[in-house]
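First up is the structure itself, then whatever we jot down about it.
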Amino acid sequence: MKSSIMDDPKKKEITKKRHFSFRINIFFFVTFLLFSVLIVRLAILQFVQAKDLKEAENTNTNQTTSIAPIRGNIYDSTKSPLAYTIPVQSLFFRVEPGQQDKKDEIIALAKRLKVDVFDKYAKPNSISPTPEEIVLAMDLGYDINKNKVKDPSYYWVPRRLKADLSKGEIAYLLEHRDEFKWLEVTEESIRTYEMDDDNTTIATHLVGYLKSFSTQTAKDIYEDSPNSKEYLNSENVGFDGIERMYQDELRGKNGSRKYPVNAAMKIIGRAEVTAPIKGNNLYLSINKDIQKATERMLESHIKYLRSPTHANDLYMKTGMKASSGFAVAMEVDTGRVVTMANYPDYDANAWTGGISPNIYKEIGTYISNGSIMTAKSKYPDEKENAKHPSSIVFMGSTIKPLSVLIGLEEKLFGAYEDYYDTGSFSFGKGGTSTISNSGKAAYGPINASSAIEHSSNTYMSAKVGIPFYLKYGGETPKVTTKWAEYLAKFGMGVKTGSGLPGEFAGSNDFIKNAQKDSYQSAMVYASWGQNEKTTTLQLAQYTATLASRGKRMKPLFVDEIRDYQGELVKKVEPEVIQDSSSEFSKEDWNVIIHGMKSGAEGIEELPYNVARKTGTSTQAVSGGTVENAVFIAFAPVENPKLAVAVVVPEGGFGRYGASPIAAKIFEAYDAANDGILTKLGGGKRPW
């Protein structure tokens, strides 16, 4: 019976329908239940968690800050370091959410840093920040007393608390990193300048120094630089000399730190760091040994000039007020500057980390590179400074070889034409103006060469000054224009082309002197060097141009540029700015060089022939009239290799005040280059 019912088709169909309806009901019930849960969840998200989720929407953003690159090094021609970058570890504070409400904890952290870390483990003689300074450096908007100060800077920028950590400070911070949350130790770099044995830096004025880019002066300097947009306020940039001239080469390229930040732009995690690219290295033409010898000789000779033992010495007495000096040596054939020295000097490391006001006050008058621009020695006050000349002086008698060359070219006289030198020369209406030779010396019959050798003012006035004045218009500007054209061919009155920042082009006082007296008077004084004021670098370039017989070379300070891996980036080649050699005859060149035999202390002792010209330029200052020692020379005469210029303001006669310094430079160059001057000169012989 049971079997028949189960086999009934109708019964089977009813059972299947019941099972299907049950499953459908279960499905709809579960679907309804899930949909209800979803509706509830959406309602919670919309009305309960919307604000939090909106803030969370922005949590995964990043903020990137740039890292200044490590600056390239500066080496001398022998690959000895002059300026280099030392990596240091610095302590930074990272701003995170909620810190502004944790003032007690922040202040306690600052105090512990000072007591447990800096006071115990800092490097000897280093200056550590106080707790007050630490809290202010954290830049959270309040001081250690919880008083509100300036509003915080951008939150994503970590704050430097201390630079150049010691190994002990680093070890302690790392060992207790869990206790010193929000702190990071990051590698930075500081600029260091090589010290000489006497604790002064080498080629200080030429190499230059760095200052913070955050200053308005720095921003003005680099306003037109295409790369200045990458500079950071926290980094230092070149402010003078080679450091500024080659800023872009030395700087390198930025790195970056990418921080995760929340909607309030507060850091919420560790940074992803992209390392910066180190700047290129410079290899200068300066030779460290020659530079050091020049710097020492400048200092020792000026001290010698000032010695009271010269009080009764007529020739040395005039240099007893000397207190500064400048010297430049330049290769004749290449234009490479092998030394550029200033006295007084200072320690360029004083700029590292920011120069103190006391040190700046002490060295302020001679921070500028007096070899290319105006600088003074150290005097008590501005009134006293005004009584002394700057580094920019009249050429004095060093112009006389060029004056004679111009006179020969203009056919104003013959090379061997005699002039009778009586020791004085009168000019002007009725001969009312009179000039004389140094010491009123009378040389009798002299020609062009001997006029240079004896440094005859009367010859220059009578044979060059007056005839040139008459030939080119007399009392008209044409005479000064033509004279300036000649001088410019040799680098006078124009910049040398060196590229050094702040270089002065010298000054031409012709018009001023003409207005004061007459064009005739101005031309007379110009013919023997009392018209053009020059820099020492200009004098060196002028001397090298005489030595090369008319090729004016660009002064070079860098031999080559290499990247941080040592690969060559650029080789600096010699450059002729102007070639006037063909404008003057070989015979005329021979005449003037043959006359460059002025008496010069220290020069005659050298084992090769040296062409030279001494000068004593007279200059009026508020304290009266002073005499500046000026000297130019090149050697060897037969095959010129090195040109030297020395200026000692208030040094008196060039023969005594400047010549001994030049002699030492020739000696140092010869020693540093395997006796090249001695070899090229082939020994002393008549010339």
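A note on labels: chains of the structure tokens are A, B, ... as shown, every chain counts residues from 1, and ligands are counted from 1 in their shown order.
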
Rows by chain and residue number, segment 362-433 of chain A within 7 Å of segment 462-478 of chain A, shortest pair, only C-alpha atoms, as a Markdown table:
| residue | atom | partner | partner_atom | distance |
| --- | --- | --- | --- | --- |
| A:Ser403 | CA | A:Val464 | CA | 6.8 |
| A:Gly407 | CA | A:Val464 | CA | 5.6 |
| A:Leu412 | CA | A:Pro467 | CA | 6.4 |
| A:Phe413 | CA | A:Lys463 | CA | 6.7 |

Selection file, N, CA and C atoms, as a JSON list (two decimals), in the first residue's frame:
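Once written, result-v3.json looks like this:
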[["chain", "number", "residue", "atom", "x", "y", "z"],
["A", 403, "SER", "N", 103.42, 103.08, -22.97],
["A", 403, "SER", "CA", 103.48, 104.46, -23.47],
["A", 403, "SER", "C", 104.49, 104.58, -24.61],
["A", 407, "GLY", "N", 103.89, 105.39, -28.57],
["A", 407, "GLY", "CA", 104.63, 106.48, -29.21],
["A", 407, "GLY", "C", 105.35, 106.01, -30.46],
["A", 412, "LEU", "N", 105.69, 109.07, -33.16],
["A", 412, "LEU", "CA", 105.91, 110.32, -32.44],
["A", 412, "LEU", "C", 107.40, 110.58, -32.23],
["A", 413, "PHE", "N", 108.21, 109.54, -32.33],
["A", 413, "PHE", "CA", 109.66, 109.65, -32.18],
["A", 413, "PHE", "C", 110.29, 108.37, -32.72]]

Residue neighbourhood segment 318-322 of chain A, 7 Å, only C-alpha atoms, exclusion window fewer than 4 positions, as a PyMOL selection string
chain A and resi 302+305-307+648-652+657

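Note that DSSP on the backbone gives strand (DSSP E) to these residues of segment 392-506 of chain A: Val393, Phe394, Tyr419, Tyr420, Asp421, Ser424, Phe425, Ser426, Phe427, Ser433, Thr434, Ile435, Ser436, Gly444, Pro445 and Ile446 of chain A.
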
Applying 8 Å and only C-alpha atoms, which residues near segment 348-363 of chain A remain after dropping the ones on its own chain fewer than 5 positions away? List them as a VMD selection string.
chain A and resid 190 to 193 201 204 208 to 212 378

Selection file, N, CA and C atoms, as an mmCIF file, in the first residue's frame:
data_model
loop_
_atom_site.group_PDB
_atom_site.id
_atom_site.type_symbol
_atom_site.label_atom_id
_atom_site.label_comp_id
_atom_site.auth_asym_id
_atom_site.auth_seq_id
_atom_site.Cartn_x
_atom_site.Cartn_y
_atom_site.Cartn_z
ATOM 1 N N ILE A 190 78.517 69.881 5.500
ATOM 2 C CA ILE A 190 78.985 71.232 5.810
ATOM 3 C C ILE A 190 80.237 71.510 4.986
ATOM 4 N N ARG A 191 80.449 72.783 4.659
ATOM 5 C CA ARG A 191 81.589 73.193 3.837
ATOM 6 C C ARG A 191 82.791 73.442 4.734
ATOM 7 N N THR A 192 83.928 72.906 4.329
ATOM 8 C CA THR A 192 85.168 73.081 5.079
ATOM 9 C C THR A 192 86.255 73.560 4.141
ATOM 10 N N TYR A 193 87.053 74.514 4.620
ATOM 11 C CA TYR A 193 88.136 75.070 3.820
ATOM 12 C C TYR A 193 89.478 74.647 4.415
ATOM 13 N N THR A 201 93.248 79.788 5.953
ATOM 14 C CA THR A 201 92.840 79.044 4.765
ATOM 15 C C THR A 201 93.633 79.506 3.546
ATOM 16 N N THR A 204 91.956 82.181 0.105
ATOM 17 C CA THR A 204 90.649 82.480 0.690
ATOM 18 C C THR A 204 89.801 83.375 -0.202
ATOM 19 N N GLY A 208 86.453 81.923 -2.208
ATOM 20 C CA GLY A 208 85.172 82.478 -1.812
ATOM 21 C C GLY A 208 84.578 81.773 -0.610
ATOM 22 N N TYR A 209 83.273 81.957 -0.404
ATOM 23 C CA TYR A 209 82.609 81.387 0.759
ATOM 24 C C TYR A 209 81.131 81.206 0.452
ATOM 25 N N LEU A 210 80.419 80.569 1.385
ATOM 26 C CA LEU A 210 78.997 80.293 1.225
ATOM 27 C C LEU A 210 78.182 81.048 2.272
ATOM 28 N N LYS A 211 76.935 81.347 1.912
ATOM 29 C CA LYS A 211 75.981 81.897 2.867
ATOM 30 C C LYS A 211 74.604 81.305 2.561
ATOM 31 N N SER A 212 73.717 81.440 3.500
ATOM 32 C CA SER A 212 72.387 80.852 3.363
ATOM 33 C C SER A 212 71.601 81.486 2.218
ATOM 34 N N LYS A 378 92.902 96.488 7.591
ATOM 35 C CA LYS A 378 92.155 96.618 8.834
ATOM 36 C C LYS A 378 92.566 97.895 9.558
#

Contacts of segment 518-571 of chain A with segment 609-632 of chain A up to 9 Å, shortest pair per row, only C-alpha atoms, as CSV:
residue,atom,partner,partner_atom,distance
A:Gly529,CA,A:Ser617,CA,7.3
A:Gln530,CA,A:Ser617,CA,6.8
A:Leu539,CA,A:Ile632,CA,7.2
A:Ala540,CA,A:Ile632,CA,7.2
A:Tyr542,CA,A:Ile632,CA,9.0
A:Thr543,CA,A:Ile632,CA,6.3
A:Ala547,CA,A:Ala611,CA,8.5

Those selected residues, please, written with all heavy atoms and delivered as a PDB file, in the first residue's frame.
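This is the output file again14.pdb:
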ATOM      1  N   GLY A 529     101.447 107.181 -16.016  1.00  0.00           N
ATOM      2  CA  GLY A 529     100.714 106.324 -15.093  1.00  0.00           C
ATOM      3  C   GLY A 529      99.935 106.974 -13.990  1.00  0.00           C
ATOM      4  O   GLY A 529      99.529 106.288 -13.045  1.00  0.00           O
ATOM      5  N   GLN A 530      99.652 108.260 -14.083  1.00  0.00           N
ATOM      6  CA  GLN A 530      98.879 108.915 -13.033  1.00  0.00           C
ATOM      7  C   GLN A 530      97.463 109.237 -13.509  1.00  0.00           C
ATOM      8  O   GLN A 530      96.905 110.260 -13.164  1.00  0.00           O
ATOM      9  CB  GLN A 530      99.585 110.190 -12.580  1.00  0.00           C
ATOM     10  CG  GLN A 530     100.865 109.955 -11.816  1.00  0.00           C
ATOM     11  CD  GLN A 530     100.671 109.133 -10.555  1.00  0.00           C
ATOM     12  OE1 GLN A 530     101.374 108.150 -10.305  1.00  0.00           O
ATOM     13  NE2 GLN A 530      99.699 109.515  -9.742  1.00  0.00           N
ATOM     14  N   LEU A 539      96.709  94.232 -14.003  1.00  0.00           N
ATOM     15  CA  LEU A 539      98.151  94.430 -14.192  1.00  0.00           C
ATOM     16  C   LEU A 539      98.828  93.140 -14.633  1.00  0.00           C
ATOM     17  O   LEU A 539      99.728  93.155 -15.474  1.00  0.00           O
ATOM     18  CB  LEU A 539      98.788  94.939 -12.900  1.00  0.00           C
ATOM     19  CG  LEU A 539      98.622  96.431 -12.586  1.00  0.00           C
ATOM     20  CD1 LEU A 539      99.186  96.737 -11.207  1.00  0.00           C
ATOM     21  CD2 LEU A 539      99.320  97.285 -13.650  1.00  0.00           C
ATOM     22  N   ALA A 540      98.396  92.011 -14.064  1.00  0.00           N
ATOM     23  CA  ALA A 540      98.983  90.720 -14.449  1.00  0.00           C
ATOM     24  C   ALA A 540      98.643  90.395 -15.901  1.00  0.00           C
ATOM     25  O   ALA A 540      99.499  89.919 -16.666  1.00  0.00           O
ATOM     26  CB  ALA A 540      98.478  89.621 -13.520  1.00  0.00           C
ATOM     27  N   TYR A 542      97.909  92.570 -18.255  1.00  0.00           N
ATOM     28  CA  TYR A 542      98.676  93.547 -19.039  1.00  0.00           C
ATOM     29  C   TYR A 542     100.122  93.083 -19.206  1.00  0.00           C
ATOM     30  O   TYR A 542     100.686  93.126 -20.311  1.00  0.00           O
ATOM     31  CB  TYR A 542      98.604  94.894 -18.326  1.00  0.00           C
ATOM     32  CG  TYR A 542      99.696  95.893 -18.648  1.00  0.00           C
ATOM     33  CD1 TYR A 542      99.838  96.430 -19.922  1.00  0.00           C
ATOM     34  CD2 TYR A 542     100.574  96.327 -17.653  1.00  0.00           C
ATOM     35  CE1 TYR A 542     100.835  97.365 -20.206  1.00  0.00           C
ATOM     36  CE2 TYR A 542     101.566  97.260 -17.922  1.00  0.00           C
ATOM     37  CZ  TYR A 542     101.695  97.775 -19.198  1.00  0.00           C
ATOM     38  OH  TYR A 542     102.677  98.706 -19.470  1.00  0.00           O
ATOM     39  N   THR A 543     100.717  92.600 -18.133  1.00  0.00           N
ATOM     40  CA  THR A 543     102.108  92.134 -18.177  1.00  0.00           C
ATOM     41  C   THR A 543     102.247  90.929 -19.092  1.00  0.00           C
ATOM     42  O   THR A 543     103.194  90.830 -19.878  1.00  0.00           O
ATOM     43  CB  THR A 543     102.595  91.778 -16.760  1.00  0.00           C
ATOM     44  OG1 THR A 543     102.319  92.869 -15.870  1.00  0.00           O
ATOM     45  CG2 THR A 543     104.081  91.488 -16.753  1.00  0.00           C
ATOM     46  N   ALA A 547     104.395  90.417 -22.519  1.00  0.00           N
ATOM     47  CA  ALA A 547     105.302  89.278 -22.672  1.00  0.00           C
ATOM     48  C   ALA A 547     105.028  88.492 -23.946  1.00  0.00           C
ATOM     49  O   ALA A 547     105.951  88.013 -24.613  1.00  0.00           O
ATOM     50  CB  ALA A 547     105.190  88.358 -21.455  1.00  0.00           C
TER      51      ALA A 547
END

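Of the listed residues A:His454, A:Lys219, A:Lys150, A:Arg23, the one whose atoms come nearest to Gly595 of chain A is A:His454, with distances taken using only C-alpha atoms.
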
Could you name the residues that touch Pro344 of chain A at 12 Å or less, counting only C-alpha atoms, but leaving out those on the same chain fewer than 2 positions away, as an MDAnalysis selection string?
chainID A and resid 200:201 203:205 295:300 302:303 322:327 341:342 346:347 362:371 375:379 391 648

Using N, CA and C atoms, can you write the selected residues to a file as a compact mmCIF listing (two decimals), in the first residue's frame?
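File produced: result-v6.txt:
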# COMPACT_ATOMS: atom_id res chain seq x y z
N THR A 200 95.50 79.46 8.69
CA THR A 200 94.73 80.30 7.78
C THR A 200 94.37 79.46 6.56
N THR A 201 93.25 79.79 5.95
CA THR A 201 92.84 79.04 4.76
C THR A 201 93.63 79.51 3.55
N ALA A 203 94.18 80.58 -0.40
CA ALA A 203 93.49 81.27 -1.51
C ALA A 203 92.08 81.66 -1.10
N THR A 204 91.96 82.18 0.11
CA THR A 204 90.65 82.48 0.69
C THR A 204 89.80 83.38 -0.20
N HIS A 205 90.37 84.48 -0.65
CA HIS A 205 89.58 85.45 -1.41
C HIS A 205 89.19 84.93 -2.79
N GLU A 295 101.42 84.10 -0.18
CA GLU A 295 100.71 84.64 0.98
C GLU A 295 101.69 84.93 2.13
N ARG A 296 102.62 84.01 2.36
CA ARG A 296 103.59 84.21 3.45
C ARG A 296 104.53 85.37 3.15
N MET A 297 104.93 85.48 1.88
CA MET A 297 105.84 86.57 1.52
C MET A 297 105.15 87.92 1.62
N LEU A 298 103.89 87.99 1.22
CA LEU A 298 103.14 89.24 1.36
C LEU A 298 103.12 89.67 2.83
N GLU A 299 102.78 88.75 3.69
CA GLU A 299 102.69 89.08 5.11
C GLU A 299 104.05 89.47 5.70
N SER A 300 105.07 88.66 5.43
CA SER A 300 106.37 88.92 6.04
C SER A 300 107.01 90.20 5.49
N ILE A 302 105.44 92.90 4.23
CA ILE A 302 104.74 94.08 4.73
C ILE A 302 105.14 94.36 6.18
N LYS A 303 105.29 93.31 6.96
CA LYS A 303 105.77 93.50 8.34
C LYS A 303 107.19 94.07 8.34
N ALA A 322 102.64 100.72 5.03
CA ALA A 322 102.00 99.63 4.28
C ALA A 322 101.32 98.65 5.23
N SER A 323 100.11 98.27 4.89
CA SER A 323 99.40 97.30 5.74
C SER A 323 98.57 96.30 4.93
N SER A 324 98.68 96.37 3.61
CA SER A 324 97.98 95.41 2.76
C SER A 324 98.80 95.18 1.51
N GLY A 325 98.52 94.07 0.83
CA GLY A 325 99.24 93.76 -0.40
C GLY A 325 98.49 92.75 -1.24
N PHE A 326 98.76 92.78 -2.56
CA PHE A 326 98.04 91.93 -3.50
C PHE A 326 99.00 91.45 -4.58
N ALA A 327 98.90 90.19 -4.93
CA ALA A 327 99.80 89.63 -5.93
C ALA A 327 99.07 88.62 -6.80
N ALA A 341 96.83 86.24 -4.41
CA ALA A 341 96.95 86.33 -2.96
C ALA A 341 96.65 87.74 -2.47
N ASN A 342 95.99 87.80 -1.33
CA ASN A 342 95.66 89.06 -0.66
C ASN A 342 96.22 89.05 0.76
N TYR A 346 92.07 85.87 6.03
CA TYR A 346 91.25 85.43 7.17
C TYR A 346 90.86 83.97 6.96
N ASP A 347 90.27 83.37 7.98
CA ASP A 347 89.85 81.98 7.94
C ASP A 347 88.46 81.87 7.33
N GLU A 362 85.46 92.46 12.49
CA GLU A 362 86.91 92.45 12.48
C GLU A 362 87.48 92.37 11.07
N ILE A 363 86.86 91.59 10.20
CA ILE A 363 87.41 91.34 8.87
C ILE A 363 86.64 92.05 7.75
N GLY A 364 85.62 92.81 8.11
CA GLY A 364 84.71 93.38 7.12
C GLY A 364 85.36 94.22 6.05
N THR A 365 86.44 94.95 6.37
CA THR A 365 87.05 95.84 5.38
C THR A 365 87.86 95.09 4.34
N TYR A 366 88.24 93.85 4.62
CA TYR A 366 89.07 93.12 3.65
C TYR A 366 88.50 91.75 3.29
N ILE A 367 87.18 91.59 3.43
CA ILE A 367 86.53 90.37 2.94
C ILE A 367 86.57 90.32 1.42
N SER A 368 86.40 91.47 0.78
CA SER A 368 86.40 91.52 -0.69
C SER A 368 87.76 91.13 -1.24
N ASN A 369 87.75 90.55 -2.43
CA ASN A 369 88.99 90.15 -3.10
C ASN A 369 89.67 91.38 -3.69
N GLY A 370 90.64 91.93 -2.98
CA GLY A 370 91.32 93.15 -3.41
C GLY A 370 92.11 93.01 -4.68
N SER A 371 92.30 91.80 -5.18
CA SER A 371 93.01 91.62 -6.45
C SER A 371 92.14 91.94 -7.65
N ALA A 375 89.18 96.83 -1.86
CA ALA A 375 89.30 96.28 -0.51
C ALA A 375 90.31 97.13 0.24
N LYS A 376 90.21 97.11 1.54
CA LYS A 376 91.15 97.86 2.37
C LYS A 376 91.75 96.96 3.43
N SER A 377 92.70 97.50 4.13
CA SER A 377 93.28 96.77 5.23
C SER A 377 92.43 96.98 6.47
N LYS A 378 92.90 96.49 7.59
CA LYS A 378 92.15 96.62 8.83
C LYS A 378 92.57 97.89 9.56
N TYR A 379 91.61 98.81 9.67
CA TYR A 379 91.85 100.05 10.40
C TYR A 379 90.76 100.22 11.45
N SER A 391 92.73 98.95 -2.56
CA SER A 391 93.54 98.05 -3.40
C SER A 391 93.61 98.52 -4.85
N VAL A 648 101.35 97.02 -3.48
CA VAL A 648 101.38 97.22 -2.03
C VAL A 648 100.99 98.68 -1.76

Could you build a table of the residues in segment 305-408 of chain A lying no more than 12 Å from segment 554-563 of chain A, giving for each the nearest pair of atoms and their separation in Å rounded to one decimal place, using only C-alpha atoms, ordered by chain and ascending residue number, as CSV?
residue,atom,partner,partner_atom,distance
A:Val328,CA,A:Pro555,CA,10.5
A:Ala329,CA,A:Pro555,CA,10.1
A:Met330,CA,A:Pro555,CA,7.4
A:Glu331,CA,A:Pro555,CA,8.8
A:Val332,CA,A:Pro555,CA,9.8
A:Asp333,CA,A:Lys554,CA,10.4
A:Thr334,CA,A:Leu556,CA,8.0
A:Gly335,CA,A:Pro555,CA,4.7
A:Arg336,CA,A:Leu556,CA,4.6
A:Val337,CA,A:Phe557,CA,5.7
A:Val338,CA,A:Phe557,CA,7.9
A:Thr339,CA,A:Phe557,CA,9.3
A:Met340,CA,A:Phe557,CA,9.7
A:Ile372,CA,A:Pro555,CA,11.7

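One distance worth recording is that between atom CA of Ser126 of chain A and atom CA of Ile70 of chain A, which is 22.5 Å.
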